[in-house]
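This report concerns only the one structure given below.
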Amino acid sequence: MARVRTLYSAISAGTEMLAYKGAMPTDIPVDESFAHAAATFSYPATLGYCNVGRVEEVGSPAGASSIKVEGGGELVPPVGPGVSVGDLVFSFQPHVYTYTAPVTDLQLLPPGVSPLHATLLPSVETALSLLMDGAPLLGDVVAIVGQGSVGLLTAAICRLAYPLCPLLTVETDAHRRAASAAWVRPTGAVASADEALAAAAGRRADVVIEVTGRGEGLDTAVGVVADGGRVVLGSWYGSSPLVLRGLGGRFHRSHATLVASQVSSLPAALGGRWSKPRRLGLAWVVLGRLDWGGFRIETAYVSDAPRVYEQLATVGGGLGQVIFAYPTGVGG
C-alpha cells in the first residue's frame, strides 16, 4: 500500500456533468476500474478518476514500475515493483487531497511528462479507444463531431496516427471550433454537416466519431457519414431523452453502421492481440508525443469545485480543460 498526496486532478466533464445535473443512468454500475467508486455517481461527491500525486509513504512490498519498450516491441504498462517516496504517480482516484491505494494501482509518470498533462491520461486512452473502434483506413475521410477535450484529443491523435486521412472537426461552439482550428489544424474546422461536406469537396466521411454528448451531435454525425460508413458513438448521453431527426432521412438507405464505444473494454475483434494494459501503455507514449502548446487548460483550487461545476454547467464550451490543483499543507 502507498499513501499519495494529490497535486492535480482533471475534471472529466462528460461524466461529471451528468452527475452534477442528475442525469446519470441508474441501470448500469460505475466503471469497475474505479475501486474507489460507489455504486452510482451522484453530486455532491468525490467524483473523478484522473489523479496525479506524489507518494508520501510506501508500505511493504513496494509497487509500480516505469513504462518500457522492449526492443521496440510491445509496450509494457507502468505497473509493478518500484514506487518510492517522492515519486510522481497517476491513479484512477477521485478529487481528494490524499488517498491510500495498493501500489499496483499506481503508475509512475514517464520522464518528460508533466504532472498537469498526466491527469489527461484517461482522456488520451479514450481517444485511442474511439479511433480503434473507428478503424480508419489510409486515405479515409475522418470527421470528429464535438471538440471538447476528448474531441480535441481524438482529432489530434488521429492527425498524428493517420496523416494521410483528411480530417474534419465539427463543433457548433465558436470558442471550441477556434481551438480546434488552431491546435489540431484539421483539413476543416466547421460548424455543421453542410460545412463539413463543403470542406471535403462534397465527399462524406468514411468514419465519424461523435463526442458531443447531445442528440444534435448524433444527428450531425449521421448527416456527415458516407453510405456504408461508420459512426462511432463516444458520447454518454445519460438518462436524458434524445430527440433524433437524422435517422429518418438519407440514413435509412445508407447502410451506415452505428458503433457504441466505451473505454472500459476493448472491441471483441482486438481481444486476442490487445489488452487494456497494452492500450494504456500506448496512451502514455502518445501523451508524451503530443504538442501541448495551444491546448487550453484552466486550473482552479479544488476548494472552488462548487463554483467550477456551476460554471461548467452554464458556460460549457467557454472553458478549456479544467484541472483542480491542491495547495500544499491542506487536507488530511
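All residue names refer to the C-alpha cells as shown: chains lettered A, B, ... in order, residues numbered from 1 in each chain, ligands numbered from 1 in order.
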Select from segment 150-183 of chain A every residue with an atom at most 9 Å from any atom of segment 116-126 of chain A, then for each give the shortest pair of atoms and their distance in Å to one decimal, using only C-alpha atoms, rows by chain and rising number, as CSV.
residue,atom,partner,partner_atom,distance
A:Val150,CA,A:Ser123,CA,5.8
A:Leu153,CA,A:Val124,CA,6.4
A:Thr154,CA,A:Val124,CA,7.5
A:Ile157,CA,A:Val124,CA,8.3
field: Near-segment 13-18 of chain A list (7 Å; only C-alpha atoms; drop same-chain fewer than 6 positions) as JSON, numbers by chain
entry: {"A": [24, 238, 313]}
query: Near Val113 of chain A, counting only C-alpha atoms, which residues have an atom at most 12 Å away, once you skip same-chain residues fewer than 2 positions from it, shown as a VMD selection string?
result: chain A and resid 52 67 88 to 90 108 to 111 115 to 121 283 to 292
Please write the residues from the selection above to a file, keeping N, CA and C atoms, as a compact mmCIF listing (two decimals), in the first residue's frame.
# COMPACT_ATOMS: atom_id res chain seq x y z
N VAL A 52 -3.18 12.82 -10.22
CA VAL A 52 -1.72 12.76 -10.19
C VAL A 52 -1.25 13.30 -8.85
N ILE A 67 7.34 2.90 -17.48
CA ILE A 67 6.98 2.35 -18.79
C ILE A 67 8.25 1.96 -19.56
N LEU A 88 6.29 10.72 -8.48
CA LEU A 88 5.05 11.23 -9.06
C LEU A 88 4.31 10.06 -9.69
N VAL A 89 3.02 9.91 -9.35
CA VAL A 89 2.25 8.77 -9.83
C VAL A 89 0.87 9.21 -10.32
N PHE A 90 0.35 8.46 -11.26
CA PHE A 90 -1.04 8.60 -11.71
C PHE A 90 -1.85 7.46 -11.12
N LEU A 108 3.86 5.18 -12.44
CA LEU A 108 4.87 6.23 -12.42
C LEU A 108 4.76 7.09 -13.68
N LEU A 109 4.91 8.39 -13.51
CA LEU A 109 4.92 9.27 -14.66
C LEU A 109 6.20 9.05 -15.46
N PRO A 110 6.10 8.84 -16.75
CA PRO A 110 7.31 8.68 -17.57
C PRO A 110 8.12 9.98 -17.61
N PRO A 111 9.41 9.90 -17.83
CA PRO A 111 10.24 11.11 -17.92
C PRO A 111 9.71 12.07 -18.99
N PRO A 115 3.14 16.66 -14.57
CA PRO A 115 2.01 16.21 -13.74
C PRO A 115 0.67 16.76 -14.24
N LEU A 116 0.66 17.99 -14.76
CA LEU A 116 -0.58 18.58 -15.25
C LEU A 116 -1.12 17.79 -16.43
N HIS A 117 -0.28 17.51 -17.40
CA HIS A 117 -0.73 16.78 -18.59
C HIS A 117 -1.02 15.32 -18.28
N ALA A 118 -0.33 14.76 -17.28
CA ALA A 118 -0.56 13.35 -16.93
C ALA A 118 -1.98 13.10 -16.45
N THR A 119 -2.65 14.13 -15.92
CA THR A 119 -4.04 13.95 -15.50
C THR A 119 -4.95 13.63 -16.69
N LEU A 120 -4.48 13.90 -17.90
CA LEU A 120 -5.30 13.68 -19.09
C LEU A 120 -5.10 12.29 -19.68
N LEU A 121 -4.37 11.42 -18.96
CA LEU A 121 -4.17 10.06 -19.46
C LEU A 121 -5.49 9.35 -19.78
N ALA A 283 -1.15 4.83 -24.54
CA ALA A 283 -1.66 6.15 -24.18
C ALA A 283 -0.56 7.00 -23.55
N TRP A 284 0.29 6.39 -22.71
CA TRP A 284 1.40 7.14 -22.13
C TRP A 284 2.35 7.63 -23.22
N VAL A 285 2.64 6.78 -24.18
CA VAL A 285 3.55 7.17 -25.26
C VAL A 285 2.96 8.33 -26.06
N VAL A 286 1.69 8.22 -26.42
CA VAL A 286 1.03 9.27 -27.19
C VAL A 286 0.99 10.57 -26.39
N LEU A 287 0.68 10.47 -25.09
CA LEU A 287 0.62 11.66 -24.25
C LEU A 287 1.96 12.40 -24.26
N GLY A 288 3.05 11.64 -24.29
CA GLY A 288 4.36 12.26 -24.31
C GLY A 288 4.74 12.86 -25.65
N ARG A 289 4.07 12.44 -26.71
CA ARG A 289 4.40 12.93 -28.06
C ARG A 289 3.54 14.10 -28.50
N LEU A 290 2.41 14.31 -27.86
CA LEU A 290 1.55 15.42 -28.26
C LEU A 290 2.22 16.75 -27.95
N ASP A 291 2.03 17.71 -28.83
CA ASP A 291 2.49 19.07 -28.59
C ASP A 291 1.39 19.81 -27.84
N TRP A 292 1.61 20.05 -26.54
CA TRP A 292 0.55 20.60 -25.70
C TRP A 292 0.45 22.11 -25.81
query: Could you pull out the alpha helix (DSSP H) residues of segment 59-170 of chain A from DSSP and send them as a PyMOL selection string?
result: chain A and resi 115-118+121-134+149-161
Please identify all polymer residues within 10 Å of Ala179 of chain A, counting only C-alpha atoms, omitting same-chain residues fewer than 6 positions from it, and present them as a PDB file with C-alpha atoms, in the first residue's frame.
ATOM      1  CA  GLN A 147     -14.449  19.488 -29.876  1.00  0.00           C
ATOM      2  CA  GLY A 148     -14.468  19.396 -26.110  1.00  0.00           C
ATOM      3  CA  LEU A 152      -9.777  17.697 -29.411  1.00  0.00           C
ATOM      4  CA  ARG A 185      -5.053  22.113 -37.695  1.00  0.00           C
ATOM      5  CA  ALA A 189     -12.855  23.069 -38.624  1.00  0.00           C
ATOM      6  CA  GLY A 294      -2.125  25.712 -27.516  1.00  0.00           C
ATOM      7  CA  PHE A 295      -4.165  23.087 -25.658  1.00  0.00           C
ATOM      8  CA  ARG A 296      -6.202  25.181 -23.266  1.00  0.00           C
ATOM      9  CA  GLY A 320     -10.980  24.709 -21.564  1.00  0.00           C
TER      10      GLY A 320
END
- prompt: Mind checking DSSP for segment 17-249 of chain A and telling me the strand (DSSP E or B) residues as an MDAnalysis selection string?
  reply: chainID A and resid 51:58 68:69 75:76 88:91 98:101 107:108 142:145 167:170 188:190 205:210 225:233
field: Long-range neighbours of segment 218-226 of chain A as a list in words, 7 Å cut-off, only C-alpha atoms, 2 positions minimum in chain
entry: Val145, Ser192, Ala193, Arg204, Ala205, Asp206, Val207, Val208, Glu210, Arg214, Gly215, Glu216, Gly228, Gly229, Arg230, Val231, Leu244, Arg245, Gly246 and Phe251 of chain A
Residue subset to file, keeping all heavy atoms, as a compact mmCIF listing (two decimals), in the first residue's frame:
# COMPACT_ATOMS: atom_id res chain seq x y z
N VAL A 145 -17.00 14.84 -34.47
CA VAL A 145 -18.09 15.75 -34.15
C VAL A 145 -18.07 16.02 -32.65
O VAL A 145 -18.30 15.13 -31.84
CB VAL A 145 -19.45 15.17 -34.58
CG1 VAL A 145 -20.58 16.16 -34.27
CG2 VAL A 145 -19.45 14.84 -36.07
N SER A 192 -21.07 22.76 -39.04
CA SER A 192 -22.26 21.98 -39.41
C SER A 192 -21.91 20.89 -40.40
O SER A 192 -20.81 20.87 -40.97
CB SER A 192 -23.32 22.90 -40.04
OG SER A 192 -22.85 23.39 -41.29
N ALA A 193 -22.87 19.99 -40.62
CA ALA A 193 -22.67 18.92 -41.59
C ALA A 193 -22.50 19.48 -42.99
O ALA A 193 -21.66 19.00 -43.77
CB ALA A 193 -23.86 17.95 -41.53
N ARG A 204 -18.45 12.66 -48.28
CA ARG A 204 -18.84 12.38 -46.91
C ARG A 204 -17.75 11.58 -46.21
O ARG A 204 -16.88 10.98 -46.84
CB ARG A 204 -20.17 11.63 -46.87
CG ARG A 204 -21.33 12.44 -47.43
CD ARG A 204 -22.65 11.69 -47.31
NE ARG A 204 -23.73 12.44 -47.95
CZ ARG A 204 -24.42 13.40 -47.35
NH1 ARG A 204 -24.16 13.71 -46.09
NH2 ARG A 204 -25.37 14.04 -48.00
N ALA A 205 -17.82 11.56 -44.88
CA ALA A 205 -16.76 10.92 -44.09
C ALA A 205 -16.95 9.41 -44.04
O ALA A 205 -18.06 8.91 -43.84
CB ALA A 205 -16.76 11.50 -42.68
N ASP A 206 -15.86 8.69 -44.19
CA ASP A 206 -15.88 7.23 -44.07
C ASP A 206 -16.04 6.82 -42.61
O ASP A 206 -16.71 5.82 -42.31
CB ASP A 206 -14.59 6.64 -44.63
CG ASP A 206 -14.37 7.02 -46.08
OD1 ASP A 206 -15.02 6.43 -46.94
OD2 ASP A 206 -13.57 7.94 -46.33
N VAL A 207 -15.43 7.58 -41.72
CA VAL A 207 -15.50 7.31 -40.27
C VAL A 207 -15.87 8.61 -39.57
O VAL A 207 -15.24 9.64 -39.79
CB VAL A 207 -14.16 6.79 -39.72
CG1 VAL A 207 -14.24 6.61 -38.20
CG2 VAL A 207 -13.77 5.48 -40.39
N VAL A 208 -16.91 8.55 -38.75
CA VAL A 208 -17.32 9.71 -37.95
C VAL A 208 -17.30 9.30 -36.48
O VAL A 208 -17.84 8.25 -36.11
CB VAL A 208 -18.74 10.19 -38.32
CG1 VAL A 208 -19.11 11.44 -37.52
CG2 VAL A 208 -18.84 10.47 -39.82
N GLU A 210 -18.45 10.63 -32.80
CA GLU A 210 -19.36 11.61 -32.19
C GLU A 210 -19.11 11.68 -30.70
O GLU A 210 -19.25 10.70 -29.98
CB GLU A 210 -20.81 11.21 -32.48
CG GLU A 210 -21.84 12.27 -32.17
CD GLU A 210 -22.15 12.37 -30.68
OE1 GLU A 210 -22.36 11.32 -30.05
OE2 GLU A 210 -22.16 13.51 -30.16
N ARG A 214 -24.75 15.09 -27.00
CA ARG A 214 -26.09 15.62 -27.30
C ARG A 214 -26.67 14.92 -28.52
O ARG A 214 -25.95 14.53 -29.45
CB ARG A 214 -26.04 17.13 -27.56
CG ARG A 214 -25.43 17.96 -26.44
CD ARG A 214 -25.62 19.46 -26.71
NE ARG A 214 -25.21 19.83 -28.05
CZ ARG A 214 -23.97 20.17 -28.40
NH1 ARG A 214 -23.00 20.13 -27.49
NH2 ARG A 214 -23.68 20.53 -29.63
N GLY A 215 -27.99 14.82 -28.54
CA GLY A 215 -28.66 14.22 -29.69
C GLY A 215 -28.40 14.97 -30.97
O GLY A 215 -28.30 14.37 -32.05
N GLU A 216 -28.28 16.30 -30.88
CA GLU A 216 -28.00 17.09 -32.08
C GLU A 216 -26.66 16.68 -32.70
O GLU A 216 -26.49 16.71 -33.93
CB GLU A 216 -27.96 18.58 -31.75
CG GLU A 216 -29.27 19.13 -31.20
CD GLU A 216 -29.28 19.12 -29.67
OE1 GLU A 216 -28.80 18.13 -29.06
OE2 GLU A 216 -29.76 20.12 -29.10
N GLY A 228 -22.43 3.36 -46.24
CA GLY A 228 -21.55 2.26 -45.87
C GLY A 228 -20.48 2.63 -44.87
O GLY A 228 -19.63 1.80 -44.54
N GLY A 229 -20.52 3.87 -44.36
CA GLY A 229 -19.52 4.33 -43.41
C GLY A 229 -19.85 3.91 -41.99
O GLY A 229 -20.80 3.17 -41.72
N ARG A 230 -19.07 4.43 -41.05
CA ARG A 230 -19.19 4.02 -39.65
C ARG A 230 -19.28 5.26 -38.77
O ARG A 230 -18.48 6.18 -38.89
CB ARG A 230 -17.96 3.19 -39.25
CG ARG A 230 -17.98 2.66 -37.83
CD ARG A 230 -16.71 1.90 -37.49
NE ARG A 230 -16.54 0.72 -38.32
CZ ARG A 230 -15.66 0.59 -39.28
NH1 ARG A 230 -14.82 1.59 -39.55
NH2 ARG A 230 -15.57 -0.50 -39.99
N VAL A 231 -20.28 5.25 -37.88
CA VAL A 231 -20.41 6.30 -36.88
C VAL A 231 -20.10 5.69 -35.52
O VAL A 231 -20.80 4.77 -35.07
CB VAL A 231 -21.82 6.93 -36.87
CG1 VAL A 231 -21.93 7.97 -35.75
CG2 VAL A 231 -22.14 7.56 -38.21
N LEU A 244 -33.92 12.64 -31.98
CA LEU A 244 -33.09 12.37 -33.16
C LEU A 244 -33.92 12.56 -34.43
O LEU A 244 -34.98 11.96 -34.58
CB LEU A 244 -32.54 10.94 -33.11
CG LEU A 244 -31.70 10.59 -31.88
CD1 LEU A 244 -31.28 9.12 -31.93
CD2 LEU A 244 -30.46 11.47 -31.81
N ARG A 245 -33.40 13.39 -35.31
CA ARG A 245 -34.09 13.65 -36.57
C ARG A 245 -33.35 13.04 -37.77
O ARG A 245 -33.95 12.75 -38.79
CB ARG A 245 -34.26 15.15 -36.78
CG ARG A 245 -35.12 15.81 -35.70
CD ARG A 245 -35.25 17.30 -35.92
NE ARG A 245 -36.15 17.91 -34.94
CZ ARG A 245 -35.79 18.33 -33.74
NH1 ARG A 245 -34.53 18.19 -33.37
NH2 ARG A 245 -36.66 18.87 -32.92
N GLY A 246 -32.04 12.85 -37.58
CA GLY A 246 -31.22 12.41 -38.71
C GLY A 246 -31.46 10.99 -39.15
O GLY A 246 -31.09 10.61 -40.27
N PHE A 251 -30.15 8.46 -43.97
CA PHE A 251 -29.56 7.38 -43.19
C PHE A 251 -30.28 6.06 -43.42
O PHE A 251 -29.65 4.99 -43.43
CB PHE A 251 -29.59 7.74 -41.70
CG PHE A 251 -29.07 6.65 -40.80
CD1 PHE A 251 -27.70 6.47 -40.62
CD2 PHE A 251 -29.93 5.79 -40.14
CE1 PHE A 251 -27.21 5.47 -39.81
CE2 PHE A 251 -29.45 4.78 -39.32
CZ PHE A 251 -28.08 4.62 -39.16
Need the shell around segment 166-171 of chain A: protein/DNA/RNA residues with any atom at most 7 Å away, counting only C-alpha atoms. Skip same-chain ones fewer than 2 positions apart. Format as an mmCIF file with all heavy atoms, in the first residue's frame?
data_model
loop_
_atom_site.group_PDB
_atom_site.id
_atom_site.type_symbol
_atom_site.label_atom_id
_atom_site.label_comp_id
_atom_site.auth_asym_id
_atom_site.auth_seq_id
_atom_site.Cartn_x
_atom_site.Cartn_y
_atom_site.Cartn_z
ATOM 1 N N GLY A 139 -6.254 7.049 -46.065
ATOM 2 C CA GLY A 139 -6.983 7.835 -47.049
ATOM 3 C C GLY A 139 -8.438 8.053 -46.742
ATOM 4 O O GLY A 139 -9.103 8.844 -47.417
ATOM 5 N N ASP A 140 -8.973 7.368 -45.719
ATOM 6 C CA ASP A 140 -10.363 7.609 -45.323
ATOM 7 C C ASP A 140 -10.538 9.047 -44.860
ATOM 8 O O ASP A 140 -9.655 9.625 -44.217
ATOM 9 C CB ASP A 140 -10.761 6.673 -44.171
ATOM 10 C CG ASP A 140 -11.266 5.325 -44.636
ATOM 11 O OD1 ASP A 140 -11.418 5.136 -45.856
ATOM 12 O OD2 ASP A 140 -11.506 4.451 -43.774
ATOM 13 N N VAL A 141 -11.710 9.608 -45.158
ATOM 14 C CA VAL A 141 -12.082 10.887 -44.578
ATOM 15 C C VAL A 141 -12.626 10.620 -43.180
ATOM 16 O O VAL A 141 -13.520 9.798 -42.991
ATOM 17 C CB VAL A 141 -13.151 11.606 -45.428
ATOM 18 C CG1 VAL A 141 -13.593 12.909 -44.750
ATOM 19 C CG2 VAL A 141 -12.616 11.886 -46.819
ATOM 20 N N VAL A 142 -12.053 11.295 -42.183
ATOM 21 C CA VAL A 142 -12.459 11.117 -40.792
ATOM 22 C C VAL A 142 -13.044 12.432 -40.285
ATOM 23 O O VAL A 142 -12.478 13.500 -40.513
ATOM 24 C CB VAL A 142 -11.261 10.708 -39.907
ATOM 25 C CG1 VAL A 142 -11.705 10.531 -38.453
ATOM 26 C CG2 VAL A 142 -10.618 9.427 -40.431
ATOM 27 N N ALA A 143 -14.184 12.342 -39.624
ATOM 28 C CA ALA A 143 -14.809 13.518 -39.017
ATOM 29 C C ALA A 143 -14.982 13.278 -37.526
ATOM 30 O O ALA A 143 -15.454 12.216 -37.118
ATOM 31 C CB ALA A 143 -16.158 13.818 -39.667
ATOM 32 N N ILE A 144 -14.592 14.260 -36.724
ATOM 33 C CA ILE A 144 -14.799 14.219 -35.283
ATOM 34 C C ILE A 144 -15.837 15.275 -34.947
ATOM 35 O O ILE A 144 -15.602 16.472 -35.143
ATOM 36 C CB ILE A 144 -13.501 14.513 -34.486
ATOM 37 C CG1 ILE A 144 -12.305 13.741 -35.077
ATOM 38 C CG2 ILE A 144 -13.702 14.204 -33.018
ATOM 39 C CD1 ILE A 144 -12.388 12.259 -34.962
ATOM 40 N N VAL A 145 -16.998 14.840 -34.468
ATOM 41 C CA VAL A 145 -18.093 15.754 -34.150
ATOM 42 C C VAL A 145 -18.067 16.019 -32.647
ATOM 43 O O VAL A 145 -18.301 15.126 -31.842
ATOM 44 C CB VAL A 145 -19.455 15.173 -34.580
ATOM 45 C CG1 VAL A 145 -20.582 16.162 -34.269
ATOM 46 C CG2 VAL A 145 -19.446 14.844 -36.069
ATOM 47 N N GLY A 146 -17.781 17.262 -32.286
ATOM 48 C CA GLY A 146 -17.617 17.648 -30.890
ATOM 49 C C GLY A 146 -16.156 17.908 -30.591
ATOM 50 O O GLY A 146 -15.305 17.030 -30.789
ATOM 51 N N GLN A 147 -15.834 19.124 -30.131
ATOM 52 C CA GLN A 147 -14.449 19.488 -29.876
ATOM 53 C C GLN A 147 -14.243 19.971 -28.447
ATOM 54 O O GLN A 147 -13.537 20.962 -28.200
ATOM 55 C CB GLN A 147 -13.965 20.513 -30.897
ATOM 56 C CG GLN A 147 -13.764 19.950 -32.287
ATOM 57 C CD GLN A 147 -12.638 18.935 -32.341
ATOM 58 O OE1 GLN A 147 -11.465 19.291 -32.410
ATOM 59 N NE2 GLN A 147 -12.985 17.643 -32.288
ATOM 60 N N LEU A 164 -2.398 10.677 -43.565
ATOM 61 C CA LEU A 164 -2.922 10.636 -44.928
ATOM 62 C C LEU A 164 -4.446 10.713 -44.985
ATOM 63 O O LEU A 164 -5.020 10.703 -46.065
ATOM 64 C CB LEU A 164 -2.452 9.357 -45.627
ATOM 65 C CG LEU A 164 -0.936 9.203 -45.796
ATOM 66 C CD1 LEU A 164 -0.604 7.913 -46.518
ATOM 67 C CD2 LEU A 164 -0.356 10.392 -46.551
ATOM 68 N N ASP A 173 -19.901 25.359 -31.101
ATOM 69 C CA ASP A 173 -19.421 26.419 -30.233
ATOM 70 C C ASP A 173 -18.203 27.097 -30.866
ATOM 71 O O ASP A 173 -17.213 26.443 -31.205
ATOM 72 C CB ASP A 173 -19.050 25.849 -28.859
ATOM 73 C CG ASP A 173 -18.572 26.920 -27.897
ATOM 74 O OD1 ASP A 173 -19.421 27.518 -27.204
ATOM 75 O OD2 ASP A 173 -17.349 27.172 -27.854
ATOM 76 N N ARG A 176 -14.675 26.601 -29.054
ATOM 77 C CA ARG A 176 -14.092 25.278 -29.269
ATOM 78 C C ARG A 176 -13.668 25.093 -30.723
ATOM 79 O O ARG A 176 -12.643 24.460 -31.000
ATOM 80 C CB ARG A 176 -15.104 24.196 -28.872
ATOM 81 C CG ARG A 176 -15.321 24.090 -27.376
ATOM 82 C CD ARG A 176 -16.333 23.004 -27.054
ATOM 83 N NE ARG A 176 -16.399 22.754 -25.622
ATOM 84 C CZ ARG A 176 -17.210 21.860 -25.066
ATOM 85 N NH1 ARG A 176 -18.022 21.126 -25.828
ATOM 86 N NH2 ARG A 176 -17.209 21.684 -23.755
ATOM 87 N N ARG A 177 -14.456 25.621 -31.634
ATOM 88 C CA ARG A 177 -14.109 25.491 -33.054
ATOM 89 C C ARG A 177 -12.783 26.203 -33.354
ATOM 90 O O ARG A 177 -11.924 25.680 -34.075
ATOM 91 C CB ARG A 177 -15.237 26.056 -33.919
ATOM 92 C CG ARG A 177 -15.130 25.698 -35.390
ATOM 93 C CD ARG A 177 -16.435 25.936 -36.128
ATOM 94 N NE ARG A 177 -16.862 27.326 -36.106
ATOM 95 C CZ ARG A 177 -17.918 27.775 -35.417
ATOM 96 N NH1 ARG A 177 -18.643 26.934 -34.692
ATOM 97 N NH2 ARG A 177 -18.251 29.055 -35.468
ATOM 98 N N PRO A 186 -6.927 20.823 -38.583
ATOM 99 C CA PRO A 186 -7.539 19.815 -39.459
ATOM 100 C C PRO A 186 -7.705 20.344 -40.883
ATOM 101 O O PRO A 186 -7.439 21.527 -41.167
ATOM 102 C CB PRO A 186 -8.900 19.590 -38.802
ATOM 103 C CG PRO A 186 -9.233 20.925 -38.207
ATOM 104 C CD PRO A 186 -7.919 21.492 -37.730
ATOM 105 N N THR A 187 -8.172 19.478 -41.764
ATOM 106 C CA THR A 187 -8.499 19.899 -43.125
ATOM 107 C C THR A 187 -9.562 20.985 -43.093
ATOM 108 O O THR A 187 -9.531 21.931 -43.883
ATOM 109 C CB THR A 187 -8.998 18.695 -43.938
ATOM 110 O OG1 THR A 187 -8.042 17.637 -43.853
ATOM 111 C CG2 THR A 187 -9.236 19.066 -45.394
ATOM 112 N N GLY A 188 -10.503 20.843 -42.181
ATOM 113 C CA GLY A 188 -11.531 21.865 -41.989
ATOM 114 C C GLY A 188 -12.076 21.804 -40.579
ATOM 115 O O GLY A 188 -12.361 20.716 -40.072
ATOM 116 N N ALA A 189 -12.186 22.961 -39.931
ATOM 117 C CA ALA A 189 -12.855 23.069 -38.624
ATOM 118 C C ALA A 189 -14.138 23.839 -38.867
ATOM 119 O O ALA A 189 -14.117 25.050 -39.104
ATOM 120 C CB ALA A 189 -11.963 23.789 -37.623
ATOM 121 N N VAL A 190 -15.268 23.137 -38.811
ATOM 122 C CA VAL A 190 -16.526 23.696 -39.295
ATOM 123 C C VAL A 190 -17.607 23.579 -38.233
ATOM 124 O O VAL A 190 -17.423 22.956 -37.182
ATOM 125 C CB VAL A 190 -16.965 22.979 -40.590
ATOM 126 C CG1 VAL A 190 -15.902 23.137 -41.683
ATOM 127 C CG2 VAL A 190 -17.226 21.497 -40.323
ATOM 128 N N ALA A 191 -18.762 24.183 -38.530
ATOM 129 C CA ALA A 191 -19.838 24.263 -37.549
ATOM 130 C C ALA A 191 -21.010 23.340 -37.847
ATOM 131 O O ALA A 191 -21.882 23.175 -36.996
ATOM 132 C CB ALA A 191 -20.349 25.704 -37.446
ATOM 133 N N SER A 192 -21.074 22.757 -39.038
ATOM 134 C CA SER A 192 -22.265 21.979 -39.410
ATOM 135 C C SER A 192 -21.907 20.886 -40.395
ATOM 136 O O SER A 192 -20.808 20.871 -40.967
ATOM 137 C CB SER A 192 -23.316 22.899 -40.038
ATOM 138 O OG SER A 192 -22.852 23.385 -41.293
ATOM 139 N N ALA A 196 -19.072 20.752 -43.380
ATOM 140 C CA ALA A 196 -18.130 19.631 -43.456
ATOM 141 C C ALA A 196 -18.073 19.080 -44.873
ATOM 142 O O ALA A 196 -16.989 18.782 -45.399
ATOM 143 C CB ALA A 196 -18.522 18.544 -42.469
#
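Ranking A:Leu130, A:Pro136, A:Gln321, A:Val103 by their shortest atom-to-atom distance to Leu266 of chain A, with only C-alpha atoms included, puts A:Leu130 first.
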